[in-house]
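Next up, final06.txt (compact mmCIF, C-alpha atoms):
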# COMPACT_ATOMS: atom_id res chain seq x y z
CA MET A 426 0.00 0.00 0.00
CA SER A 427 1.40 3.43 -0.98
CA TRP A 428 2.13 6.09 1.59
CA SER A 429 -0.63 8.33 0.26
CA ARG A 430 -3.12 5.48 0.52
CA ARG A 431 -2.09 4.75 4.10
CA LEU A 432 -2.44 8.44 4.94
CA SER A 433 -5.90 8.48 3.37
CA CYS A 434 -6.92 5.50 5.47
CA ARG A 435 -5.72 7.23 8.62
CA VAL A 436 -7.75 10.34 7.76
CA ASP A 437 -10.87 8.24 7.12
CA GLU A 438 -10.48 6.53 10.47
CA ILE A 439 -10.20 9.84 12.26
CA ARG A 440 -13.23 11.24 10.41
CA GLU A 441 -15.31 8.18 11.29
CA GLY A 442 -14.52 8.66 14.97
CA ALA A 443 -12.56 5.45 15.30
CA TRP A 444 -10.10 7.33 17.48
CA GLY A 445 -10.68 10.22 19.82
CA ALA A 446 -8.40 13.21 19.87
CA ARG A 447 -6.33 11.89 22.76
CA GLU A 448 -5.99 8.43 21.25
CA HIS A 449 -4.86 9.90 17.92
CA GLN A 450 -2.30 12.15 19.60
CA ARG A 451 -0.99 9.22 21.63
CA TYR A 452 -0.77 7.08 18.50
CA TYR A 453 1.17 9.76 16.62
CA LYS A 454 3.68 10.20 19.42
CA ALA A 455 4.17 6.46 19.76
CA ASN A 456 4.65 6.00 16.01
CA LYS A 457 6.30 9.27 15.07
CA LYS A 458 9.56 7.69 13.94
CA ARG A 459 7.80 5.05 11.87
CA LEU A 460 5.52 7.62 10.19
CA ASN A 461 8.49 9.86 9.39
CA ALA A 462 10.32 6.86 7.94
CA GLU A 463 7.28 6.04 5.78
CA TYR A 464 7.13 9.65 4.59
CA LYS A 465 10.79 9.64 3.60
CA ALA A 466 10.36 6.27 1.88
CA ALA A 467 7.42 7.73 -0.07
CA GLN A 468 9.61 10.65 -1.11
CA ARG A 469 12.32 8.31 -2.37
CA ALA A 470 9.71 6.25 -4.25
CA GLY A 471 8.44 9.40 -5.97
CA GLU A 472 4.99 9.36 -4.38
CA ILE A 473 5.72 12.73 -2.74
CA PRO A 474 8.01 15.33 -4.34
CA ALA A 475 11.30 15.40 -2.47
CA ASN A 476 11.54 19.18 -2.86
CA ALA A 477 7.98 19.98 -1.86
CA VAL A 478 7.75 23.31 -0.05
CA VAL A 479 4.93 24.16 2.30
CA GLY A 480 2.89 27.05 0.88
CA SER A 481 4.49 26.87 -2.55
CA ASN A 482 1.16 27.14 -4.33
CA GLY A 483 -1.60 29.62 -5.04
CA PHE A 484 -3.28 29.20 -1.64
CA GLY A 485 -0.64 31.50 -0.15
CA LEU A 486 -1.91 34.37 -2.32
CA LEU A 487 -5.64 33.88 -1.78
CA PRO A 488 -5.94 35.67 1.60
CA TRP A 489 -5.05 38.95 -0.13
CA LEU A 490 -8.44 38.84 -1.85
CA LEU A 491 -9.80 40.20 1.43
CA LEU A 492 -8.72 43.62 0.14
CA GLY A 493 -11.75 43.43 -2.12
CA MET A 494 -14.19 43.03 0.77
CA GLY A 495 -14.82 46.80 0.73
CA ALA A 496 -16.04 46.64 -2.85
CA PHE A 497 -18.19 43.60 -2.03
CA SER A 498 -19.69 45.49 0.91
CA ASN A 499 -20.60 48.39 -1.39
CA LEU A 500 -22.36 45.96 -3.69
CA PHE A 501 -24.12 44.24 -0.82
CA HIS A 502 -25.46 47.50 0.60
CA GLY A 503 -26.52 48.87 -2.79
CA GLU A 504 -23.98 51.71 -2.74
CA THR A 505 -22.65 50.89 -6.23
CA PRO A 506 -24.44 52.22 -9.34
CA ASN A 507 -25.08 49.64 -12.01
CA ALA A 508 -24.54 46.90 -9.45
CA TRP A 509 -24.76 44.09 -12.00
CA ILE A 510 -21.72 45.55 -13.84
CA GLY A 511 -19.80 45.77 -10.56
CA ALA A 512 -20.81 42.22 -9.59
CA PHE A 513 -19.70 40.87 -12.96
CA GLY A 514 -16.42 42.80 -12.73
CA LEU A 515 -15.80 41.54 -9.17
CA LEU A 516 -16.44 37.95 -10.26
CA ALA A 517 -14.20 38.32 -13.30
CA PHE A 518 -11.37 39.89 -11.26
CA ASN A 519 -11.48 37.20 -8.56
CA SER A 520 -11.59 34.40 -11.14
CA LEU A 521 -8.65 35.80 -13.08
CA TYR A 522 -6.69 36.43 -9.86
CA ILE A 523 -7.17 32.83 -8.67
CA TYR A 524 -6.22 31.49 -12.09
CA VAL A 525 -3.03 33.56 -12.23
CA ALA A 526 -2.13 32.82 -8.58
CA PHE A 527 -2.17 29.06 -9.04
CA ARG A 528 -0.14 29.23 -12.26
CA ALA A 529 2.53 31.57 -10.88
CA PHE A 530 4.49 28.96 -8.89
CA HIS A 531 5.75 26.88 -11.82
CA GLN A 532 7.86 28.38 -14.58
CA LYS A 533 6.18 26.44 -17.39
CA THR A 534 2.67 27.59 -16.48
CA ARG A 535 3.84 31.05 -15.39
CA ASP A 536 5.42 31.73 -18.80
CA ALA A 537 2.48 30.28 -20.70
CA LEU A 538 0.58 32.59 -23.06
CA SER A 539 -2.72 31.88 -21.29
CA THR A 540 -1.28 33.19 -17.99
CA ARG A 541 -0.04 36.38 -19.61
CA VAL A 542 -3.40 36.91 -21.34
CA ALA A 543 -5.21 36.38 -18.03
CA LEU A 544 -2.93 38.97 -16.38
CA VAL A 545 -3.64 41.52 -19.12
CA LEU A 546 -7.41 40.91 -18.80
CA MET A 547 -7.12 41.35 -15.05
CA GLY A 548 -5.40 44.69 -15.63
CA LEU A 549 -8.19 45.85 -17.94
CA VAL A 550 -10.87 44.78 -15.43
CA THR A 551 -8.97 46.52 -12.61
CA CYS A 552 -8.71 49.76 -14.57
CA GLY A 553 -12.39 49.67 -15.55
CA LEU A 554 -13.63 49.04 -11.99
CA ALA A 555 -11.25 51.52 -10.36
CA ILE A 556 -11.91 54.34 -12.83
CA GLY A 557 -15.66 53.67 -12.94
CA TYR A 558 -16.29 53.43 -9.18
CA GLY A 559 -13.24 54.71 -7.26
CA GLY A 560 -13.28 54.42 -3.47
CA ASN A 561 -12.79 50.87 -2.23
CA TRP A 562 -12.49 49.64 -5.79
CA LEU A 563 -9.09 51.34 -6.06
CA LEU A 564 -7.71 48.66 -3.75
CA PHE A 565 -7.83 46.24 -6.67
CA PHE A 566 -4.65 47.94 -7.96
CA PRO A 567 -2.43 46.59 -5.13
CA LEU A 568 -4.01 43.17 -5.75
CA PHE A 569 -3.24 43.47 -9.44
CA GLY A 570 0.31 44.51 -8.56
CA LEU A 571 0.65 41.43 -6.37
CA ALA A 572 -0.46 39.19 -9.26
CA THR A 573 1.93 41.03 -11.60
CA GLY A 574 4.86 40.48 -9.24
CA ALA A 575 3.99 36.80 -8.99
CA VAL A 576 4.09 36.32 -12.77
CA VAL A 577 6.59 38.80 -14.23
CA ARG A 578 10.36 38.48 -13.68
CA LEU A 579 13.39 40.56 -14.55
CA PRO A 580 14.19 42.24 -16.88
CA HIS A 581 10.55 42.91 -17.80
CA LEU A 582 9.55 43.48 -14.17
CA ARG A 583 10.97 47.02 -14.09
CA TRP A 584 8.94 48.52 -16.90
CA VAL A 585 5.84 46.42 -16.21
CA GLY A 586 5.88 47.38 -12.52
CA ALA A 587 6.41 51.05 -13.41
CA THR A 588 3.52 50.96 -15.88
CA VAL A 589 1.13 49.38 -13.35
CA THR A 590 2.18 51.92 -10.71
CA VAL A 591 1.67 54.90 -13.03
CA VAL A 592 -1.76 53.68 -14.10
CA ALA A 593 -2.75 53.05 -10.47
CA GLY A 594 -1.53 56.52 -9.49
CA ALA A 595 -3.39 58.22 -12.33
CA ALA A 596 -6.69 56.47 -11.54
CA SER A 597 -6.33 57.13 -7.80
CA VAL A 598 -5.45 60.81 -8.23
CA LEU A 599 -8.44 61.15 -10.57
CA HIS A 600 -10.81 60.12 -7.76
CA ASP A 601 -9.02 61.01 -4.50
CA GLY A 602 -6.65 63.81 -5.51
CA TRP A 603 -3.03 63.69 -4.47
CA GLY A 604 -3.96 61.41 -1.57
CA GLY A 605 -4.41 58.69 -4.16
CA LEU A 606 -0.64 58.43 -4.48
CA ASP A 607 -0.77 56.15 -1.45
CA THR A 608 -2.55 53.60 -3.63
CA ALA A 609 0.15 53.96 -6.28
CA TYR A 610 2.85 53.44 -3.66
CA GLY A 611 1.02 50.38 -2.29
CA THR A 612 0.75 48.99 -5.82
CA TRP A 613 4.48 49.44 -6.44
CA ILE A 614 5.38 47.86 -3.08
CA SER A 615 3.09 44.85 -3.60
CA THR A 616 4.52 44.29 -7.09
CA MET A 617 8.18 44.45 -6.14
CA VAL A 618 7.96 42.66 -2.79
CA THR A 619 5.95 39.80 -4.27
CA ALA A 620 8.39 39.45 -7.15
CA ALA A 621 11.34 39.46 -4.72
CA ILE A 622 9.77 36.85 -2.44
CA MET A 623 8.83 34.61 -5.37
CA SER A 624 12.31 34.92 -6.89
CA LEU A 625 13.96 34.15 -3.56
CA SER A 626 11.71 31.13 -3.07
CA GLU A 627 12.60 29.84 -6.53
CA ALA A 628 16.31 30.42 -5.88
CA VAL A 629 16.14 28.47 -2.63
CA ARG A 630 14.28 25.64 -4.34
CA GLN A 631 16.80 25.58 -7.20
CA LEU A 632 19.71 25.60 -4.78
CA ARG A 633 18.19 22.69 -2.90
CA GLU A 634 17.70 20.78 -6.13
CA ALA A 635 21.24 21.63 -7.24
CA ARG A 636 22.64 20.46 -3.90
CA GLU A 637 20.77 17.18 -4.17
CA GLU A 638 21.90 16.75 -7.77
CA LEU A 639 25.53 17.48 -6.87
CA ALA A 640 25.40 15.00 -4.01
CA ARG A 641 23.88 12.37 -6.29
CA ARG A 642 26.49 12.98 -9.00
CA ALA A 643 29.31 12.88 -6.49
CA VAL A 644 28.16 9.46 -5.33
CA GLU A 645 27.77 8.25 -8.91
CA GLU A 646 31.19 9.56 -9.95
CA GLU A 647 32.90 7.99 -6.97
CA ARG A 648 31.14 4.68 -7.63
CA LEU A 649 32.13 4.92 -11.30
CA ARG A 650 35.73 5.77 -10.44
CA PHE A 651 36.03 2.85 -8.08
CA SER A 652 34.35 0.32 -10.38
CA ARG A 653 36.34 1.49 -13.41
CA ASP A 654 39.72 1.49 -11.67
CA LEU A 655 39.06 -1.87 -10.07
CA HIS A 656 37.84 -3.25 -13.38
CA ASP A 657 40.88 -1.98 -15.26
CA LEU A 658 43.34 -3.18 -12.66
CA LEU A 659 41.89 -6.66 -12.44
CA GLY A 660 41.51 -7.00 -16.22
CA HIS A 661 45.15 -6.25 -16.93
CA THR A 662 46.60 -8.01 -13.88
CA LEU A 663 44.64 -11.22 -14.38
CA SER A 664 45.67 -11.28 -18.05
CA VAL A 665 49.33 -11.02 -17.04
CA ILE A 666 48.91 -13.72 -14.39
CA VAL A 667 47.21 -16.05 -16.89
CA VAL A 668 49.93 -15.50 -19.51
CA LYS A 669 52.77 -16.03 -17.04
CA SER A 670 51.05 -19.09 -15.57
CA GLU A 671 50.81 -20.63 -19.03
CA ALA A 672 54.46 -19.79 -19.63
CA ALA A 673 55.44 -21.39 -16.30
CA ARG A 674 53.45 -24.52 -17.18
CA ARG A 675 55.18 -24.79 -20.55
CA LEU A 676 58.64 -24.20 -19.09
CA ALA A 677 58.34 -26.44 -16.02
CA PRO A 678 59.10 -29.81 -17.78
CA ARG A 679 62.30 -28.58 -19.48
CA ASP A 680 63.54 -25.50 -17.58
CA LEU A 681 62.56 -25.39 -13.92
CA ASP A 682 64.57 -22.24 -13.19
CA ALA A 683 62.82 -20.30 -15.94
CA ALA A 684 59.45 -21.57 -14.71
CA LEU A 685 60.27 -20.48 -11.15
CA LEU A 686 61.19 -17.05 -12.51
CA GLN A 687 57.72 -16.79 -14.07
CA VAL A 688 56.14 -17.87 -10.79
CA THR A 689 58.14 -15.19 -8.99
CA ASP A 690 56.84 -12.65 -11.48
CA ILE A 691 53.30 -13.87 -10.81
CA GLU A 692 53.79 -13.35 -7.09
CA SER A 693 55.19 -9.86 -7.69
CA VAL A 694 52.32 -8.92 -10.01
CA GLY A 695 49.78 -10.21 -7.49
CA ARG A 696 51.30 -8.25 -4.62
CA GLN A 697 51.44 -5.08 -6.69
CA ALA A 698 47.84 -5.60 -7.77
CA LEU A 699 46.76 -5.80 -4.13
CA THR A 700 48.53 -2.52 -3.43
CA GLU A 701 46.94 -0.83 -6.44
CA ILE A 702 43.49 -2.08 -5.51
CA ARG A 703 43.86 -0.64 -2.01
CA GLU A 704 44.96 2.68 -3.53
CA ALA A 705 42.05 2.62 -5.97
CA VAL A 706 39.62 2.04 -3.10
CA THR A 707 40.93 5.08 -1.24
CA GLY A 708 41.16 7.19 -4.41
CA TYR A 709 44.86 7.99 -4.12
CA ARG A 710 46.26 5.76 -6.83
CA GLU A 711 49.03 7.36 -8.92
CA GLY A 712 50.44 5.29 -11.72
CA SER A 713 53.94 5.24 -13.18
CA LEU A 714 54.29 4.98 -16.95
CA SER A 715 57.74 3.41 -16.58
CA THR A 716 56.30 0.68 -14.38
CA ASP A 717 53.47 0.03 -16.84
CA LEU A 718 55.94 -0.15 -19.74
CA ASP A 719 58.10 -2.66 -17.86
CA ARG A 720 55.09 -4.80 -17.03
CA ALA A 721 53.86 -4.60 -20.61
CA ALA A 722 57.23 -5.81 -21.88
CA SER A 723 57.24 -8.65 -19.35
CA ALA A 724 53.71 -9.72 -20.28
CA LEU A 725 54.47 -9.61 -24.00
CA HIS A 726 57.64 -11.60 -23.55
CA ALA A 727 55.82 -14.24 -21.47
CA ALA A 728 53.18 -14.51 -24.21
CA GLY A 729 55.84 -15.14 -26.86
CA ILE A 730 55.55 -11.67 -28.38
CA GLU A 731 58.73 -9.68 -28.98
CA PRO A 732 58.42 -6.32 -27.14
CA VAL A 733 60.06 -3.16 -28.51
CA VAL A 734 59.77 -0.20 -26.13
CA ARG A 735 61.01 3.31 -26.94
CA ARG A 736 60.54 6.44 -24.83
CA SER A 737 61.75 10.01 -25.32
CA GLY A 738 60.81 13.48 -24.16
CA PRO A 739 60.59 15.45 -20.90
CA PRO A 740 59.10 14.10 -17.64
CA LEU A 741 55.31 13.98 -17.58
CA ALA A 742 52.73 15.11 -15.04
CA ALA A 743 51.38 12.39 -12.76
CA GLN A 744 47.89 12.44 -14.27
CA THR A 745 49.29 12.24 -17.79
CA GLU A 746 51.36 9.19 -16.84
CA VAL A 747 48.28 7.57 -15.30
CA LEU A 748 46.23 8.06 -18.48
CA LEU A 749 48.99 6.80 -20.78
CA GLY A 750 49.55 3.87 -18.42
CA TRP A 751 45.91 2.87 -18.86
CA VAL A 752 46.31 2.98 -22.64
CA VAL A 753 49.44 0.80 -22.47
CA ARG A 754 47.67 -1.68 -20.20
CA GLU A 755 44.61 -1.95 -22.42
CA ALA A 756 46.50 -2.14 -25.72
CA VAL A 757 48.97 -4.75 -24.45
CA THR A 758 46.24 -6.78 -22.75
CA ASN A 759 44.30 -6.93 -26.02
CA ALA A 760 47.46 -7.79 -27.97
CA VAL A 761 48.23 -10.67 -25.61
CA ARG A 762 44.67 -11.97 -25.65
CA HIS A 763 43.49 -11.52 -29.19
CA SER A 764 46.14 -10.42 -31.67
CA GLY A 765 48.17 -13.55 -32.39
CA ALA A 766 51.11 -11.19 -32.93
CA ARG A 767 54.83 -11.97 -32.94
CA ARG A 768 56.02 -8.41 -32.39
CA CYS A 769 54.62 -5.41 -30.49
CA GLU A 770 56.10 -1.92 -30.58
CA ILE A 771 55.41 0.69 -27.88
CA SER A 772 56.71 4.22 -28.38
CA VAL A 773 56.27 7.32 -26.22
CA GLU A 774 57.34 10.65 -27.71
CA GLY A 775 57.02 13.87 -25.71
CA SER A 776 57.45 17.52 -26.65
CA ALA A 777 56.98 20.79 -24.81
CA GLU A 778 53.22 20.77 -25.44
CA ARG A 779 52.00 17.27 -26.36
CA VAL A 780 52.93 13.66 -25.65
CA ARG A 781 52.12 10.87 -28.09
CA LEU A 782 51.84 7.15 -27.41
CA ARG A 783 51.74 4.48 -30.12
CA VAL A 784 51.19 0.75 -29.60
CA TRP A 785 51.38 -1.45 -32.71
CA ASP A 786 51.29 -5.19 -33.11
CA ASP A 787 51.71 -7.24 -36.28
CA GLY A 788 49.04 -9.77 -35.44
CA PRO A 789 46.14 -10.68 -37.72
CA GLY A 790 43.73 -10.93 -34.76
CA ALA A 791 42.24 -13.90 -32.96
CA PRO A 792 41.18 -16.76 -35.23
CA ALA A 793 37.47 -17.01 -35.74
CA GLY A 794 35.81 -18.75 -32.85
CA THR A 795 38.76 -18.35 -30.46
CA GLY A 796 38.12 -14.83 -29.28
CA THR A 797 35.11 -12.97 -28.07
CA PRO A 798 32.68 -11.57 -30.63
CA ALA A 799 33.95 -8.08 -29.92
CA ALA A 800 37.51 -9.19 -30.57
CA GLU A 801 36.66 -10.85 -33.86
CA SER A 802 34.70 -7.90 -35.22
CA ASP A 803 36.61 -4.92 -33.89
CA ARG A 804 39.97 -5.88 -35.48
CA ALA A 805 38.45 -5.15 -38.87
CA GLU A 806 36.89 -1.81 -37.96
CA GLU A 807 38.13 1.46 -39.37
CA PRO A 808 39.94 3.75 -36.90
CA VAL A 809 37.80 6.22 -35.03
CA THR A 810 39.03 9.35 -33.29
CA ALA A 811 38.00 10.76 -29.89
CA PRO A 812 36.19 12.67 -28.45
CA ALA A 813 33.17 10.93 -30.00
CA PRO A 814 33.49 7.30 -28.93
CA ALA A 815 31.56 5.09 -31.29
CA PRO A 816 31.16 1.38 -31.80
CA GLY A 817 34.04 1.43 -34.30
CA ILE A 818 36.60 2.40 -31.67
CA GLY A 819 36.56 -1.08 -30.26
CA GLY A 820 35.40 -2.80 -27.10
CA THR A 821 34.49 -1.38 -23.71
CA GLY A 822 38.10 -0.76 -22.68
CA LEU A 823 39.06 1.47 -25.61
CA LYS A 824 35.74 3.30 -25.43
CA GLY A 825 36.37 4.11 -21.79
CA LEU A 826 39.91 5.26 -22.58
CA THR A 827 38.60 7.43 -25.41
CA GLU A 828 36.31 9.23 -22.97
CA ARG A 829 39.08 9.57 -20.39
CA LEU A 830 41.52 11.14 -22.84
CA ALA A 831 38.84 13.38 -24.36
CA ALA A 832 38.02 14.72 -20.89
CA ALA A 833 41.73 15.53 -20.42
CA GLY A 834 41.98 17.39 -23.73
CA GLY A 835 43.49 14.48 -25.65
CA ARG A 836 42.36 11.90 -28.16
CA LEU A 837 42.59 8.20 -28.90
CA GLU A 838 42.64 6.37 -32.23
CA ALA A 839 42.52 2.63 -32.78
CA GLY A 840 42.34 0.57 -35.94
CA PRO A 841 44.30 -1.37 -38.55
CA GLY A 842 47.85 -0.10 -38.98
CA PRO A 843 49.43 1.05 -42.27
CA ARG A 844 51.87 -1.93 -42.09
CA GLY A 845 49.11 -4.34 -41.15
CA GLY A 846 48.31 -5.49 -37.66
CA PHE A 847 46.59 -3.18 -35.22
CA VAL A 848 47.65 0.22 -33.88
CA VAL A 849 46.50 2.32 -30.94
CA ARG A 850 47.50 5.98 -30.86
CA ALA A 851 47.00 8.33 -27.90
CA GLU A 852 47.80 12.01 -27.61
CA LEU A 853 47.60 14.22 -24.51
CA PRO A 854 48.67 17.68 -23.36
CA VAL A 855 51.87 17.50 -21.33
CA GLU A 856 50.24 19.22 -18.35
CA SER A 857 46.92 17.45 -17.79
CA VAL A 858 45.19 18.15 -14.51
CA THR A 859 41.89 16.42 -15.22
CA PRO A 860 41.12 13.70 -12.63
CA VAL A 861 41.51 10.20 -13.93
CA GLY A 862 38.09 9.12 -12.73
CA SER A 863 36.21 11.82 -14.60
CA ALA A 864 34.75 9.75 -17.39
CA GLY A 865 34.70 6.49 -19.13
CA ALA A 866 33.97 2.89 -18.41
CA GLY A 867 35.93 -0.07 -17.22
CA ALA A 868 38.41 -1.86 -19.43
CA ASP A 869 38.93 -5.48 -19.85
CA ALA A 870 36.91 -6.10 -22.99
CA PRO A 871 38.72 -6.70 -26.28
CA ARG A 872 38.93 -3.97 -28.84
Now that the file is in, can you turn its structure into C-alpha cells?
Amino acid sequence: MSWSRRLSCRVDEIREGAWGAREHQRYYKANKKRLNAEYKAAQRAGEIPANAVVGSNGFGLLPWLLLGMGAFSNLFHGETPNAWIGAFGLLAFNSLYIYVAFRAFHQKTRDALSTRVALVLMGLVTCGLAIGYGGNWLLFFPLFGLATGAVVRLPHLRWVGATVTVVAGAASVLHDGWGGLDTAYGTWISTMVTAAIMSLSEAVRQLREAREELARRAVEEERLRFSRDLHDLLGHTLSVIVVKSEAARRLAPRDLDAALLQVTDIESVGRQALTEIREAVTGYREGSLSTDLDRAASALHAAGIEPVVRRSGPPLAAQTEVLLGWVVREAVTNAVRHSGARRCEISVEGSAERVRLRVWDDGPGAPAGTGTPAAESDRAEEPVTAPAPAPGIGGTGLKGLTERLAAAGGRLEAGPGPRGGFVVRAELPVESVTPVGSAGAGADAPR
C-alpha cells in the first residue's frame, strides 16, 4: 500500500470517529519515527516530491483577496451604481486572480501565453472598476500589482511594474486627488515585494535541487571511479597472471629455473595488484608509466611476443602518466589476448606541449571462434578518433579510454595499422590536470 493510501486511510479513520483526539495524539507520538520513515520512503519512491515546499502554491496568495471586501460590501449595501456591472467585474477579477495565482508557482505555467493573457485581462478589469467606481475599488490595484509580481520576472519586471504603478496613481489621483498616491505606492510595493519573495523562493528551491543533484552525481562519480579502476586493474593483472602461468606450465618440464622465474613474477604482479586495488579504493592511486611499460614488456615476452619499447621526451605530469599507463595496459592486454602477434612496438614521444603514445602489433587478430565476438569484429573496424566514442573504436576498454583522454583534452585512435596489424595511438597535453576518474567505463573487454 502506498504512503498516500495509508495516509488516506488514517484520515478516514479519524473522520469516522474510530479514534478520539487523545488516542490519535498518543498514536502519533508512539509511532512518530515510523511515520516519518514512511514519509521519507514515499519521497524516495516518488509518491511525494522530495523538494515539496509548504505554501508553494496559489493558496498562499488567496488571503489577499480580502482587500476586495470593501467593494463587495458596497455591492451588498446597494452603494454601487449599475450593481450588476460591478458584480460581474468583481467575479471576473477574482476568477482571473485565482487562475493567475495558481499558475505563478511553476515556470512552465507562469510563462504560458494563457497566464499572460489572463494577467492583461485582469489589468483591464482593474482599470475599468477603479476608474468607474473609485473608493474601495481602487484597492484592486495593489491586488493586481501582487499578481503582476507573482508572474513577471526581470528584466521585464521594471517597466511592467512602473507601468502598473503609473496607471494606479493616475486612476487614484483622478478620484481622490493627491492622496491617491498612497494607492500607487502600495501597488508598487506589492509588485516588487511579491516578485522578490517569489524569486527568492525559486532560488532556494533551485539551490536545494542543485545540492541534491551534486550529491547524487558525487556518489555516482565515486562509484564509477572505483568500479572502473578496479575493473581496469583486475583485467590487466589477471591477463598477465594467466599468460605467465601458461608460460610457467610450458617451461616447467624442461627449464625449472625459468618456470620459477615466471612464478616469482606472478607473485610480484599479485602483490602489486593488491597494493593498487587498495589505492584505488581510497582514491589515491598514482600510476607510473615506466612501471606500466616494464610490465607490458614482461607480459608480451611471457606470451611469446617480442616487445620493442622506446621512450623520449621530458618528464610527464602524474595524471598524464596515469592516463597513458591505462592505454598501455589496455592495448597490451588486447594484444596478448586476441592479436596472435609476434612483435609489439610501444613508443612514447614527448614535446613541450604534447605527448604521443603508439602501440602497434603485427598480429592478424584472434582466429574465428577463439576470441570474443567483440575481438573478432573490432579488429576489422576502421579507426575512429575521440572525443566521440563510437562502436568502431573497439570494445568497452578502448571506449572508456577514449572518454578519459577526451576529458583531459586528448584523443585516442585505434584501428588497422598502415603496415598491417593493429595500432593504438594516444595524444595528450603535457600538463593534464583532469582527474583520472572523470569519465569512461571499465576496461577489460577486447577492442
Need to verify the contact set: segment 715-730 of chain A, 8 Å, all atoms listed in the file, exclusion of same-chain residues closer than 2 positions in sequence. Can you return it as a compact mmCIF listing (two decimals) with C-alpha atoms, in the coordinates of the input?
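Output (out-v2.txt):
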# COMPACT_ATOMS: atom_id res chain seq x y z
CA VAL A 665 49.33 -11.02 -17.04
CA VAL A 668 49.93 -15.50 -19.51
CA LYS A 669 52.77 -16.03 -17.04
CA ALA A 672 54.46 -19.79 -19.63
CA GLY A 712 50.44 5.29 -11.72
CA SER A 713 53.94 5.24 -13.18
CA PRO A 732 58.42 -6.32 -27.14
CA VAL A 733 60.06 -3.16 -28.51
CA VAL A 734 59.77 -0.20 -26.13
CA GLY A 750 49.55 3.87 -18.42
CA VAL A 753 49.44 0.80 -22.47
CA ARG A 754 47.67 -1.68 -20.20
CA VAL A 757 48.97 -4.75 -24.45
CA VAL A 761 48.23 -10.67 -25.61
CA ALA A 766 51.11 -11.19 -32.93
CA ARG A 767 54.83 -11.97 -32.94
CA ARG A 768 56.02 -8.41 -32.39
CA CYS A 769 54.62 -5.41 -30.49
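For the pair atom CA of Arg535 of chain A and atom CA of Ala595 of chain A, the separation is 28.3 Å.
Take atom CA of Gly557 of chain A and atom CA of Ser539 of chain A: the distance between them is 26.7 Å.
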All file atoms of segment 619-636 of chain A boxed axis-aligned, 5 Å per side, centre plus edges, as lines of an AutoDock Vina configuration file:
center_x = 14.3
center_y = 30.1
center_z = -4.8
size_x = 26.7
size_y = 29.3
size_z = 14.8
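Relative to atom CA of Gly765 of chain A, atom CA of Glu731 of chain A is found at 11.8 Å.
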Just add N, CA and C atoms to segment 734-746 of chain A and send it as a tab-separated table (two decimals), in the coordinates of the input.
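The resulting file, result-v3.tsv, is shown below:
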chain	number	residue	atom	x	y	z
A	734	VAL	N	60.23	-1.36	-26.89
A	734	VAL	CA	59.77	-0.20	-26.13
A	734	VAL	C	60.74	0.95	-26.35
A	735	ARG	N	60.21	2.10	-26.75
A	735	ARG	CA	61.01	3.31	-26.94
A	735	ARG	C	60.31	4.47	-26.25
A	736	ARG	N	61.11	5.28	-25.54
A	736	ARG	CA	60.54	6.44	-24.83
A	736	ARG	C	61.50	7.61	-24.92
A	737	SER	N	60.94	8.80	-25.23
A	737	SER	CA	61.75	10.01	-25.32
A	737	SER	C	60.89	11.20	-24.91
A	738	GLY	N	61.55	12.28	-24.53
A	738	GLY	CA	60.81	13.48	-24.16
A	738	GLY	C	60.98	13.84	-22.70
A	739	PRO	N	60.44	14.98	-22.28
A	739	PRO	CA	60.59	15.45	-20.90
A	739	PRO	C	59.73	14.64	-19.94
A	740	PRO	N	59.97	14.76	-18.63
A	740	PRO	CA	59.10	14.10	-17.64
A	740	PRO	C	57.67	14.59	-17.78
A	741	LEU	N	56.73	13.69	-17.42
A	741	LEU	CA	55.31	13.98	-17.58
A	741	LEU	C	54.65	14.20	-16.23
A	742	ALA	N	53.52	14.93	-16.25
A	742	ALA	CA	52.73	15.11	-15.04
A	742	ALA	C	52.15	13.76	-14.61
A	743	ALA	N	51.86	13.66	-13.31
A	743	ALA	CA	51.38	12.39	-12.76
A	743	ALA	C	50.10	11.92	-13.44
A	744	GLN	N	49.15	12.85	-13.65
A	744	GLN	CA	47.89	12.44	-14.27
A	744	GLN	C	48.08	12.01	-15.72
A	745	THR	N	49.01	12.65	-16.42
A	745	THR	CA	49.29	12.24	-17.79
A	745	THR	C	49.87	10.84	-17.83
A	746	GLU	N	50.79	10.54	-16.90
A	746	GLU	CA	51.36	9.19	-16.84
A	746	GLU	C	50.29	8.16	-16.52
